[in-house]
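Data block for upload08.cif (mmCIF, C-alpha atoms (C1' of nucleotides)):
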data_entry
loop_
_atom_site.label_atom_id
_atom_site.label_comp_id
_atom_site.auth_asym_id
_atom_site.auth_seq_id
_atom_site.Cartn_x
_atom_site.Cartn_y
_atom_site.Cartn_z
CA MET A 1 -39.73 32.94 58.02
CA ARG A 2 -42.94 34.23 56.52
CA THR A 3 -43.59 34.96 52.87
CA PRO A 4 -43.39 38.65 52.01
CA GLN A 5 -46.59 40.60 51.40
CA ILE A 6 -47.10 42.55 48.19
CA THR A 7 -44.42 45.22 48.10
CA LEU A 8 -44.26 45.52 51.85
CA HIS A 9 -41.82 42.92 53.03
CA GLN A 10 -41.43 41.75 56.57
CA SER A 11 -37.77 41.74 57.42
CA ASN A 12 -35.23 42.65 60.03
CA PHE A 13 -34.81 46.00 58.31
CA MET A 14 -38.40 46.97 58.91
CA ASN A 15 -39.35 49.09 61.88
CA THR A 16 -41.86 47.79 64.38
CA LYS A 17 -44.75 49.88 63.14
CA ASP A 18 -44.39 48.70 59.54
CA GLN A 19 -43.91 45.15 60.73
CA ILE A 20 -47.21 45.31 62.62
CA VAL A 21 -49.00 46.58 59.52
CA SER A 22 -47.40 43.87 57.42
CA ILE A 23 -48.46 41.02 59.66
CA ALA A 24 -51.88 42.50 60.34
CA ASN A 25 -52.30 42.73 56.58
CA ARG A 26 -51.61 39.05 56.11
CA MET A 27 -53.88 38.07 58.96
CA ILE A 28 -56.73 40.20 57.60
CA LEU A 29 -56.36 38.69 54.12
CA GLU A 30 -56.39 35.21 55.62
CA LYS A 31 -59.01 35.46 58.33
CA GLY A 32 -60.65 38.85 58.16
CA TYR A 33 -60.62 41.89 60.40
CA ASN A 34 -62.87 40.45 63.07
CA SER A 35 -60.94 37.21 63.43
CA PHE A 36 -57.48 38.43 64.29
CA SER A 37 -56.45 40.03 67.57
CA TYR A 38 -53.61 41.95 69.15
CA GLN A 39 -52.93 38.71 70.98
CA HIS A 40 -52.28 36.88 67.71
CA LEU A 41 -50.13 39.72 66.44
CA SER A 42 -48.22 39.79 69.70
CA ALA A 43 -47.41 36.09 69.52
CA GLU A 44 -46.09 36.36 65.99
CA ILE A 45 -44.15 39.60 66.23
CA GLY A 46 -42.68 38.83 69.61
CA ILE A 47 -43.68 42.00 71.44
CA LYS A 48 -46.49 42.35 73.98
CA LYS A 49 -50.04 43.45 73.25
CA ALA A 50 -49.54 46.73 75.09
CA SER A 51 -46.66 47.60 72.79
CA ILE A 52 -48.87 47.19 69.76
CA HIS A 53 -51.37 49.53 71.36
CA TYR A 54 -48.56 52.07 71.63
CA HIS A 55 -48.27 52.12 67.82
CA PHE A 56 -51.97 51.68 67.07
CA PRO A 57 -54.05 52.73 70.10
CA ALA A 58 -57.28 51.21 68.78
CA LYS A 59 -57.70 48.20 66.52
CA HIS A 60 -59.43 50.30 63.86
CA ASP A 61 -56.33 52.51 63.67
CA LEU A 62 -54.45 49.44 62.54
CA GLY A 63 -57.30 48.41 60.25
CA ILE A 64 -57.19 51.79 58.54
CA ALA A 65 -53.41 51.62 58.21
CA VAL A 66 -53.75 48.30 56.38
CA ILE A 67 -56.35 49.70 53.98
CA GLN A 68 -54.22 52.79 53.36
CA PHE A 69 -51.24 50.60 52.64
CA HIS A 70 -53.21 48.85 49.89
CA HIS A 71 -54.40 52.21 48.63
CA GLU A 72 -50.84 53.53 48.46
CA SER A 73 -49.68 50.40 46.63
CA PHE A 74 -52.41 50.96 44.08
CA LYS A 75 -51.47 54.60 43.62
CA ASN A 76 -47.89 53.51 42.97
CA PHE A 77 -49.14 51.01 40.44
CA VAL A 78 -51.10 53.73 38.65
CA THR A 79 -48.11 56.07 38.58
CA GLU A 80 -45.80 53.38 37.23
CA ILE A 81 -48.18 52.27 34.53
CA LYS A 82 -48.67 55.85 33.36
CA GLU A 83 -44.95 56.22 32.78
CA LYS A 84 -44.86 53.08 30.67
CA GLY A 85 -47.38 54.38 28.12
CA LYS A 86 -49.18 51.08 27.63
CA SER A 87 -52.34 50.37 25.66
CA PRO A 88 -55.66 49.91 27.48
CA MET A 89 -55.53 46.14 27.00
CA GLN A 90 -51.98 46.03 28.33
CA GLN A 91 -53.02 48.17 31.28
CA LEU A 92 -55.84 45.74 31.98
CA ASP A 93 -53.37 42.87 31.93
CA GLU A 94 -51.10 44.69 34.34
CA PHE A 95 -54.08 45.28 36.58
CA PHE A 96 -54.87 41.56 36.57
CA GLY A 97 -51.23 41.02 37.42
CA THR A 98 -51.61 42.91 40.69
CA TYR A 99 -53.75 40.01 41.90
CA LYS A 100 -50.97 37.54 41.27
CA HIS A 101 -49.63 37.46 44.82
CA ILE A 102 -53.10 36.61 46.14
CA ILE A 103 -53.46 33.64 43.82
CA THR A 104 -50.03 32.25 44.49
CA GLN A 105 -50.47 32.63 48.25
CA LYS A 106 -53.16 30.07 48.72
CA ASN A 107 -54.74 31.26 51.91
CA GLN A 108 -55.64 34.73 50.86
CA ILE A 109 -58.42 36.52 49.09
CA CYS A 110 -58.45 40.16 48.07
CA LEU A 111 -58.97 42.92 50.61
CA ALA A 112 -62.30 43.92 49.11
CA GLY A 113 -63.43 40.30 49.25
CA ILE A 114 -62.86 39.95 52.95
CA LEU A 115 -63.71 43.46 54.14
CA GLY A 116 -66.66 43.64 51.77
CA ALA A 117 -68.12 40.56 53.44
CA GLU A 118 -67.45 41.96 56.90
CA PHE A 119 -68.47 45.45 55.82
CA LYS A 120 -71.47 45.89 58.08
CA THR A 121 -69.50 44.86 61.15
CA LEU A 122 -66.64 47.29 60.53
CA PRO A 123 -66.20 50.59 62.39
CA GLU A 124 -67.50 53.52 60.38
CA ASN A 125 -64.09 55.06 59.70
CA MET A 126 -62.89 51.77 58.23
CA GLN A 127 -65.98 51.60 56.03
CA GLU A 128 -65.21 55.06 54.69
CA GLU A 129 -61.56 54.17 54.12
CA MET A 130 -62.61 51.09 52.17
CA GLN A 131 -65.03 53.07 50.04
CA SER A 132 -62.34 55.58 49.22
CA TYR A 133 -59.94 52.79 48.21
CA PHE A 134 -62.62 51.08 46.14
CA GLU A 135 -63.59 54.33 44.44
CA SER A 136 -59.97 54.95 43.53
CA ARG A 137 -59.71 51.59 41.81
CA ARG A 138 -63.12 51.91 40.21
CA LYS A 139 -62.34 55.28 38.64
CA TRP A 140 -59.00 54.15 37.28
CA LEU A 141 -60.46 51.04 35.68
CA GLU A 142 -63.36 53.04 34.25
CA LYS A 143 -60.92 55.33 32.50
CA VAL A 144 -58.98 52.38 31.06
CA LEU A 145 -62.20 50.92 29.69
CA ALA A 146 -63.32 54.25 28.24
CA ASP A 147 -59.92 54.77 26.64
CA GLY A 148 -60.10 51.24 25.26
CA LEU A 149 -63.49 51.86 23.71
CA TYR A 150 -62.18 55.02 22.10
CA SER A 151 -59.00 53.41 20.81
CA GLY A 152 -60.81 50.32 19.58
CA ASP A 153 -59.01 47.99 22.02
CA PHE A 154 -62.43 47.10 23.44
CA ARG A 155 -65.75 46.72 21.70
CA PHE A 156 -68.33 46.08 24.44
CA THR A 157 -71.77 47.64 24.66
CA GLY A 158 -73.04 49.66 27.59
CA GLN A 159 -71.30 52.08 29.91
CA PRO A 160 -67.66 51.64 31.06
CA LYS A 161 -68.79 52.39 34.61
CA ASP A 162 -71.17 49.44 34.57
CA MET A 163 -68.59 47.13 33.06
CA VAL A 164 -66.16 48.04 35.85
CA PHE A 165 -68.55 46.60 38.41
CA ILE A 166 -68.89 43.38 36.45
CA ILE A 167 -65.13 43.00 36.18
CA MET A 168 -64.34 43.80 39.78
CA SER A 169 -67.06 41.55 41.13
CA THR A 170 -65.95 38.69 38.93
CA LEU A 171 -62.38 39.01 40.19
CA GLN A 172 -63.48 39.29 43.79
CA GLY A 173 -65.87 36.37 43.54
CA ILE A 174 -63.48 34.08 41.72
CA LEU A 175 -60.75 34.63 44.31
CA GLN A 176 -63.14 33.66 47.05
CA ILE A 177 -64.43 30.60 45.25
CA ALA A 178 -60.98 29.54 44.10
CA ARG A 179 -59.85 29.57 47.70
CA THR A 180 -62.56 27.29 49.03
CA ASN A 181 -62.12 25.09 45.99
CA GLN A 182 -58.35 25.12 46.09
CA ASN A 183 -58.00 25.90 42.41
CA PRO A 184 -56.11 29.09 41.52
CA ASP A 185 -56.41 28.31 37.79
CA TYR A 186 -59.92 29.69 37.79
CA PHE A 187 -58.55 33.17 38.21
CA PHE A 188 -56.85 32.98 34.82
CA LEU A 189 -59.94 31.53 33.26
CA ALA A 190 -61.95 34.42 34.69
CA THR A 191 -59.59 37.04 33.29
CA GLN A 192 -59.91 35.36 29.89
CA LYS A 193 -63.70 35.47 30.06
CA ILE A 194 -63.57 39.12 31.04
CA LYS A 195 -61.50 39.86 27.96
CA ASN A 196 -64.03 38.03 25.79
CA LEU A 197 -66.71 40.20 27.29
CA LEU A 198 -64.74 43.34 26.54
CA LEU A 199 -64.21 42.27 22.95
CA ASN A 200 -67.68 40.95 22.15
CA GLY A 201 -70.10 41.87 24.90
CA MET B 202 -91.96 42.58 62.92
CA ARG B 203 -89.04 41.30 60.88
CA THR B 204 -89.09 40.56 57.18
CA PRO B 205 -89.40 36.86 56.36
CA GLN B 206 -86.34 34.98 55.11
CA ILE B 207 -86.45 33.00 51.88
CA THR B 208 -89.13 30.37 52.34
CA LEU B 209 -88.58 30.10 56.06
CA HIS B 210 -90.77 32.70 57.67
CA GLN B 211 -90.49 33.84 61.22
CA SER B 212 -93.93 33.90 62.74
CA ASN B 213 -95.96 33.01 65.77
CA PHE B 214 -96.68 29.65 64.20
CA MET B 215 -93.02 28.69 64.12
CA ASN B 216 -91.55 26.58 66.87
CA THR B 217 -88.61 27.89 68.85
CA LYS B 218 -86.01 25.78 67.11
CA ASP B 219 -87.03 26.95 63.63
CA GLN B 220 -87.28 30.50 64.88
CA ILE B 221 -83.69 30.33 66.11
CA VAL B 222 -82.50 29.04 62.73
CA SER B 223 -84.47 31.74 60.95
CA ILE B 224 -83.01 34.60 62.95
CA ALA B 225 -79.51 33.11 62.98
CA ASN B 226 -79.81 32.87 59.21
CA ARG B 227 -80.59 36.54 58.86
CA MET B 228 -77.81 37.52 61.23
CA ILE B 229 -75.27 35.39 59.35
CA LEU B 230 -76.28 36.89 56.00
CA GLU B 231 -75.98 40.37 57.45
CA LYS B 232 -72.90 40.13 59.63
CA GLY B 233 -71.32 36.74 59.17
CA TYR B 234 -70.93 33.70 61.39
CA ASN B 235 -68.22 35.15 63.60
CA SER B 236 -70.05 38.39 64.29
CA PHE B 237 -73.28 37.17 65.78
CA SER B 238 -73.68 35.60 69.20
CA TYR B 239 -76.17 33.68 71.31
CA GLN B 240 -76.47 36.94 73.22
CA HIS B 241 -77.72 38.76 70.11
CA LEU B 242 -80.08 35.92 69.29
CA SER B 243 -81.35 35.86 72.84
CA ALA B 244 -82.16 39.57 72.80
CA GLU B 245 -84.11 39.30 69.58
CA ILE B 246 -85.98 36.07 70.19
CA GLY B 247 -86.78 36.83 73.78
CA ILE B 248 -85.47 33.69 75.41
CA LYS B 249 -82.24 33.33 77.39
CA LYS B 250 -78.89 32.20 76.02
CA ALA B 251 -79.06 28.94 77.95
CA SER B 252 -82.33 28.07 76.22
CA ILE B 253 -80.71 28.47 72.82
CA HIS B 254 -77.95 26.12 73.96
CA TYR B 255 -80.68 23.59 74.75
CA HIS B 256 -81.69 23.53 71.06
CA PHE B 257 -78.18 23.95 69.63
CA PRO B 258 -75.57 22.92 72.21
CA ALA B 259 -72.65 24.41 70.31
CA LYS B 260 -72.65 27.41 67.99
CA HIS B 261 -71.46 25.32 65.07
CA ASP B 262 -74.54 23.10 65.47
CA LEU B 263 -76.59 26.17 64.70
CA GLY B 264 -74.24 27.19 61.91
CA ILE B 265 -74.66 23.81 60.27
CA ALA B 266 -78.43 23.98 60.65
CA VAL B 267 -78.43 27.29 58.77
CA ILE B 268 -76.33 25.88 55.92
CA GLN B 269 -78.54 22.80 55.74
CA PHE B 270 -81.59 24.98 55.57
CA HIS B 271 -80.18 26.71 52.50
CA HIS B 272 -79.25 23.34 51.05
CA GLU B 273 -82.78 22.04 51.57
CA SER B 274 -84.24 25.16 49.97
CA PHE B 275 -82.04 24.60 46.96
CA LYS B 276 -83.08 20.95 46.70
CA ASN B 277 -86.70 22.05 46.72
CA PHE B 278 -85.95 24.54 43.98
CA VAL B 279 -84.37 21.80 41.88
CA THR B 280 -87.30 19.48 42.39
CA GLU B 281 -89.82 22.17 41.48
CA ILE B 282 -87.99 23.25 38.37
CA LYS B 283 -87.75 19.68 37.14
CA GLU B 284 -91.50 19.34 37.27
CA LYS B 285 -91.98 22.46 35.20
CA GLY B 286 -90.02 21.14 32.22
CA LYS B 287 -88.31 24.42 31.40
CA SER B 288 -85.57 25.12 28.88
CA PRO B 289 -81.95 25.58 30.03
CA MET B 290 -82.17 29.35 29.57
CA GLN B 291 -85.41 29.47 31.54
CA GLN B 292 -83.84 27.34 34.26
CA LEU B 293 -80.94 29.77 34.42
CA ASP B 294 -83.37 32.64 34.80
CA GLU B 295 -85.16 30.83 37.60
CA PHE B 296 -81.80 30.25 39.25
CA PHE B 297 -81.02 33.96 39.07
CA GLY B 298 -84.44 34.52 40.57
CA THR B 299 -83.47 32.64 43.73
CA TYR B 300 -81.13 35.52 44.50
CA LYS B 301 -83.97 38.00 44.39
CA HIS B 302 -84.63 38.09 48.13
CA ILE B 303 -80.97 38.94 48.76
CA ILE B 304 -81.04 41.89 46.39
CA THR B 305 -84.30 43.30 47.68
CA GLN B 306 -83.17 42.95 51.31
CA LYS B 307 -80.42 45.51 51.26
CA ASN B 308 -78.28 44.33 54.12
CA GLN B 309 -77.60 40.84 52.92
CA ILE B 310 -75.19 39.05 50.67
CA CYS B 311 -75.36 35.40 49.68
CA LEU B 312 -74.39 32.63 52.09
CA ALA B 313 -71.39 31.62 50.00
CA GLY B 314 -70.25 35.24 49.90
CA ILE B 315 -70.13 35.60 53.64
CA LEU B 316 -69.06 32.09 54.67
CA GLY B 317 -66.60 31.91 51.80
CA ALA B 318 -64.86 34.98 53.14
CA GLU B 319 -64.87 33.60 56.66
CA PHE B 320 -64.07 30.12 55.45
CA LYS B 321 -60.70 29.69 57.09
CA THR B 322 -62.05 30.72 60.48
CA LEU B 323 -64.99 28.30 60.42
CA PRO B 324 -65.07 25.01 62.35
CA GLU B 325 -64.19 22.06 60.16
CA ASN B 326 -67.66 20.53 60.13
CA MET B 327 -69.11 23.82 58.89
CA GLN B 328 -66.49 23.96 56.15
CA GLU B 329 -67.51 20.51 55.00
CA GLU B 330 -71.19 21.39 55.12
CA MET B 331 -70.52 24.46 52.99
CA GLN B 332 -68.55 22.48 50.45
CA SER B 333 -71.35 19.96 50.18
CA TYR B 334 -73.87 22.76 49.61
CA PHE B 335 -71.64 24.45 47.07
CA GLU B 336 -71.01 21.18 45.23
CA SER B 337 -74.72 20.57 45.02
CA ARG B 338 -75.30 23.93 43.35
CA ARG B 339 -72.26 23.60 41.15
CA LYS B 340 -73.32 20.23 39.77
CA TRP B 341 -76.84 21.35 39.06
CA LEU B 342 -75.71 24.45 37.19
CA GLU B 343 -73.13 22.46 35.26
CA LYS B 344 -75.87 20.16 34.01
CA VAL B 345 -78.04 23.10 32.96
CA LEU B 346 -75.12 24.57 31.00
CA ALA B 347 -74.31 21.22 29.38
CA ASP B 348 -77.95 20.72 28.44
CA GLY B 349 -78.02 24.23 27.06
CA LEU B 350 -74.99 23.61 24.88
CA TYR B 351 -76.56 20.45 23.56
CA SER B 352 -79.93 22.09 22.88
CA GLY B 353 -78.37 25.16 21.33
CA ASP B 354 -79.68 27.49 24.03
CA PHE B 355 -76.06 28.35 24.79
CA ARG B 356 -73.10 28.72 22.47
CA PHE B 357 -70.08 29.37 24.67
CA THR B 358 -66.64 27.82 24.26
CA GLY B 359 -64.85 25.80 26.92
CA GLN B 360 -66.14 23.39 29.53
CA PRO B 361 -69.49 23.84 31.31
CA LYS B 362 -67.73 23.10 34.61
CA ASP B 363 -65.40 26.05 34.12
CA MET B 364 -68.21 28.35 33.09
CA VAL B 365 -70.07 27.46 36.29
CA PHE B 366 -67.25 28.90 38.35
CA ILE B 367 -67.29 32.10 36.34
CA ILE B 368 -71.02 32.49 36.77
CA MET B 369 -71.12 31.72 40.47
CA SER B 370 -68.19 33.95 41.26
CA THR B 371 -69.69 36.82 39.29
CA LEU B 372 -72.96 36.51 41.19
CA GLN B 373 -71.21 36.24 44.53
CA GLY B 374 -68.91 39.16 43.81
CA ILE B 375 -71.60 41.44 42.47
CA LEU B 376 -73.80 40.91 45.51
CA GLN B 377 -70.92 41.89 47.76
CA ILE B 378 -70.00 44.93 45.74
CA ALA B 379 -73.60 45.98 45.25
CA ARG B 380 -74.03 45.98 49.00
CA THR B 381 -71.12 48.25 49.78
CA ASN B 382 -72.12 50.46 46.87
CA GLN B 383 -75.81 50.43 47.67
CA ASN B 384 -76.84 49.63 44.14
CA PRO B 385 -78.87 46.44 43.61
CA ASP B 386 -79.28 47.20 39.91
CA TYR B 387 -75.83 45.82 39.25
CA PHE B 388 -77.11 42.34 39.93
CA PHE B 389 -79.42 42.52 36.92
CA LEU B 390 -76.66 43.98 34.82
CA ALA B 391 -74.42 41.08 35.85
CA THR B 392 -77.00 38.46 34.92
CA GLN B 393 -77.32 40.14 31.53
CA LYS B 394 -73.57 40.01 30.98
CA ILE B 395 -73.52 36.36 31.98
CA LYS B 396 -76.11 35.63 29.34
CA ASN B 397 -74.02 37.44 26.75
CA LEU B 398 -71.11 35.27 27.75
CA LEU B 399 -73.20 32.12 27.39
CA LEU B 400 -74.37 33.19 23.95
CA ASN B 401 -71.11 34.48 22.53
CA GLY B 402 -68.24 33.57 24.80
"C1'" DG C 403 -40.75 51.97 73.03
"C1'" DT C 404 -41.63 47.97 75.67
"C1'" DC C 405 -42.95 45.82 79.78
"C1'" DT C 406 -46.30 43.98 83.80
"C1'" DA C 407 -50.54 44.39 85.66
"C1'" DT C 408 -55.13 45.26 85.45
"C1'" DA C 409 -59.83 46.77 83.97
"C1'" DT C 410 -64.00 45.79 81.55
"C1'" DA C 411 -66.81 43.54 78.30
"C1'" DT C 412 -68.33 39.77 75.81
"C1'" DA C 413 -68.28 35.04 74.01
"C1'" DG C 414 -69.34 30.15 74.22
"C1'" DA C 415 -70.76 26.88 77.30
"C1'" DT C 416 -72.55 24.08 81.56
"C1'" DA C 417 -75.06 22.94 86.11
"C1'" DG C 418 -78.96 22.54 88.27
"C1'" DA C 419 -83.62 24.52 89.82
"C1'" DC C 420 -88.36 24.95 88.20
"C1'" DG D 421 -88.09 23.79 77.58
"C1'" DT D 422 -86.74 27.78 80.01
"C1'" DC D 423 -84.69 29.95 83.76
"C1'" DT D 424 -80.69 31.82 87.06
"C1'" DA D 425 -76.14 31.45 88.17
"C1'" DT D 426 -71.66 30.59 87.10
"C1'" DC D 427 -67.32 29.21 84.63
"C1'" DT D 428 -63.50 29.94 81.56
"C1'" DA D 429 -61.44 32.05 77.80
"C1'" DT D 430 -60.55 35.84 75.04
"C1'" DA D 431 -60.86 40.63 73.25
"C1'" DT D 432 -59.94 45.53 73.45
"C1'" DA D 433 -57.87 48.81 76.01
"C1'" DT D 434 -55.40 51.63 79.79
"C1'" DA D 435 -52.08 52.82 83.78
"C1'" DG D 436 -47.85 53.22 85.20
"C1'" DA D 437 -42.98 51.23 85.89
"C1'" DC D 438 -38.57 50.71 83.42
#
Take the structure I supplied and represent it as structure tokens, if you would.
Amino acid sequence: MRTPQITLHQSNFMNTKDQIVSIANRMILEKGYNSFSYQHLSAEIGIKKASIHYHFPAKHDLGIAVIQFHHESFKNFVTEIKEKGKSPMQQLDEFFGTYKHIITQKNQICLAGILGAEFKTLPENMQEEMQSYFESRRKWLEKVLADGLYSGDFRFTGQPKDMVFIIMSTLQGILQIARTNQNPDYFFLATQKIKNLLLNG
Amino acid sequence: MRTPQITLHQSNFMNTKDQIVSIANRMILEKGYNSFSYQHLSAEIGIKKASIHYHFPAKHDLGIAVIQFHHESFKNFVTEIKEKGKSPMQQLDEFFGTYKHIITQKNQICLAGILGAEFKTLPENMQEEMQSYFESRRKWLEKVLADGLYSGDFRFTGQPKDMVFIIMSTLQGILQIARTNQNPDYFFLATQKIKNLLLNG
DNA sequence: GTCTATATATAGATAGAC
DNA sequence: GTCTATCTATATATAGAC
């Protein structure tokens, strides 16, 4: 039995299409888009390659489905957090928490980390899908930072938009480096340093 | 004519073997190790695939040569900077400066950024070569930070070793994100934030 | 919706002539 | 040291039977 992925769990209750997306998602986070194949999927799911093509005619159709799944998860996260009425700092902490499954599952890095590296080799429609997903996250975080400046939760200098890039790149980079260095603790250290930056930088 | 890479320039004066490493290097930084082939190299260099196999029998031989080239470049950088007798902060600035060619050449990210993402798909000997290269950089930067704490150049809390990971992951992440967002300015912003962290964090 | 069979392209690699 | 020719494996994808 495989470990479940994010909120999308692989189980006997899942239909074939969702199961394909779930396993493709794990493979992409482990090895990247270019290094997994319908053959690999086939072996693991237990149906033939041709059957996977029935659900996702071209590989990029599946690639896009995986990105959209992450995008949907993020939208759900945003909706949930709105209802809770948390402070900007608490929202930031919850955001950091969404990375938790990546850190605890040793072999993975974040989607942006892997597809960002492969970016120039991806089909154009996948590039656009990634940019849309990234933009969605960027905008949300920018608003949290702006709100935090206004409320006094944060006290950094410069534009929220610029700080967003620093934060997201630090998270993305640390996940990559933590993986090759087998030390997930660095993620928590990084989030601490980011907070310092937001309070003093 | 192609733009030269780092200190290794592609030119008519370069022998075939070096030329192969030079072009493979650029292709890896643009597309990654898994997404370039002897076929692509062949087309660009103007000799046949079989001839490339003469110089580098297996693809990972070439991959290792590229990593070692970066490692050698870094060793040269370290040697040069030692002779100059610079302060820790100046050394840090020079270190940031070694990323300059990546930022100005739009299509590239740093070697660790691309091979770190592909890490789990790389042959074992390439993984080891990468870890050796990374360790070399890590140790050097740790010493600079420790020296800087001692001299008073830096005033951050926590261990230099931990701070190294934060710095390297921020650089790696920002280069990736700057590429997909077409904005090299974020690199300079990131280096500024790192300095803030070293002075107040 | 899943299967077998097949098509087509490309990758990494080797043998042997020049 | 470079070439042509060839091998074997794999990838993406389609056709058509069940």
What does the PyMOL selection byres ((chain A) within 12 of (chain C)) select in this file, as a ChimeraX atom specification?
/A:15-17,46-55
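When the PyMOL selection byres ((chain B) within 7 of (chain A)) is evaluated on the file shown here, the picked residues come out as B:Lys232, B:Gly233, B:Gly314, B:Ile315, B:Gly317, B:Ala318, B:Glu319, B:Lys321, B:Thr322, B:Ile367, B:Ser370, B:Thr371, B:Gln373, B:Gly374, B:Ile375, B:Gln377, B:Ile378, B:Thr381, B:Ala391, B:Asn397, B:Leu398, B:Gly402.
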What does the structure give for the distance between atom CA of Pro361 of chain B and atom CA of Asp153 of chain A, in Å to one decimal?
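We find that atom CA of Pro361 of chain B and atom CA of Asp153 of chain A lie 27.9 Å from each other.
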List the residues selected by the PyMOL selection byres ((chain D) within 10 of (chain B)) in the file shown, writing them as a PyMOL selection string.
chain D and resi 421-424
Just the number, please: distance in Å from atom CA of Ala244 of chain B to atom C1' of DA433 of chain D, one decimal.
26.2 Å
Just how far from atom CA of Glu281 of chain B is atom CA of Arg339 of chain B, in Å to one decimal?
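Distance reported for this atom pair: 17.6 Å.
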May I ask you to restore N, CA, C and O atoms in segment 21-35 of chain A and write the result as a CSV table (one decimal), in the frame of the given file?
chain,number,residue,atom,x,y,z
A,21,VAL,N,-48.1,46.4,60.7
A,21,VAL,CA,-49.0,46.6,59.5
A,21,VAL,C,-48.9,45.4,58.6
A,21,VAL,O,-49.9,44.9,58.1
A,22,SER,N,-47.6,45.0,58.3
A,22,SER,CA,-47.4,43.9,57.4
A,22,SER,C,-48.1,42.6,57.9
A,22,SER,O,-48.7,41.9,57.1
A,23,ILE,N,-47.9,42.3,59.1
A,23,ILE,CA,-48.5,41.0,59.7
A,23,ILE,C,-50.0,41.1,59.8
A,23,ILE,O,-50.7,40.2,59.5
A,24,ALA,N,-50.4,42.3,60.3
A,24,ALA,CA,-51.9,42.5,60.3
A,24,ALA,C,-52.5,42.3,59.0
A,24,ALA,O,-53.6,41.7,58.8
A,25,ASN,N,-51.8,42.9,58.0
A,25,ASN,CA,-52.3,42.7,56.6
A,25,ASN,C,-52.5,41.3,56.2
A,25,ASN,O,-53.5,40.9,55.7
A,26,ARG,N,-51.5,40.5,56.5
A,26,ARG,CA,-51.6,39.0,56.1
A,26,ARG,C,-52.7,38.4,56.9
A,26,ARG,O,-53.5,37.6,56.3
A,27,MET,N,-52.8,38.7,58.2
A,27,MET,CA,-53.9,38.1,59.0
A,27,MET,C,-55.3,38.5,58.5
A,27,MET,O,-56.2,37.6,58.5
A,28,ILE,N,-55.4,39.7,58.1
A,28,ILE,CA,-56.7,40.2,57.6
A,28,ILE,C,-57.1,39.5,56.3
A,28,ILE,O,-58.2,39.0,56.1
A,29,LEU,N,-56.1,39.4,55.4
A,29,LEU,CA,-56.4,38.7,54.1
A,29,LEU,C,-56.7,37.2,54.3
A,29,LEU,O,-57.3,36.6,53.5
A,30,GLU,N,-56.1,36.6,55.4
A,30,GLU,CA,-56.4,35.2,55.6
A,30,GLU,C,-57.7,35.0,56.4
A,30,GLU,O,-58.5,34.1,56.0
A,31,LYS,N,-57.9,35.8,57.4
A,31,LYS,CA,-59.0,35.5,58.3
A,31,LYS,C,-60.0,36.6,58.5
A,31,LYS,O,-61.1,36.4,59.1
A,32,GLY,N,-59.7,37.7,58.0
A,32,GLY,CA,-60.6,38.8,58.2
A,32,GLY,C,-60.3,39.7,59.3
A,32,GLY,O,-59.5,39.3,60.2
A,33,TYR,N,-60.9,40.9,59.4
A,33,TYR,CA,-60.6,41.9,60.4
A,33,TYR,C,-61.1,41.4,61.8
A,33,TYR,O,-60.4,41.6,62.8
A,34,ASN,N,-62.3,40.8,61.8
A,34,ASN,CA,-62.9,40.4,63.1
A,34,ASN,C,-62.2,39.2,63.7
A,34,ASN,O,-62.4,38.9,64.9
A,35,SER,N,-61.5,38.5,62.9
A,35,SER,CA,-60.9,37.2,63.4
A,35,SER,C,-59.4,37.2,63.7
A,35,SER,O,-58.8,36.2,63.8
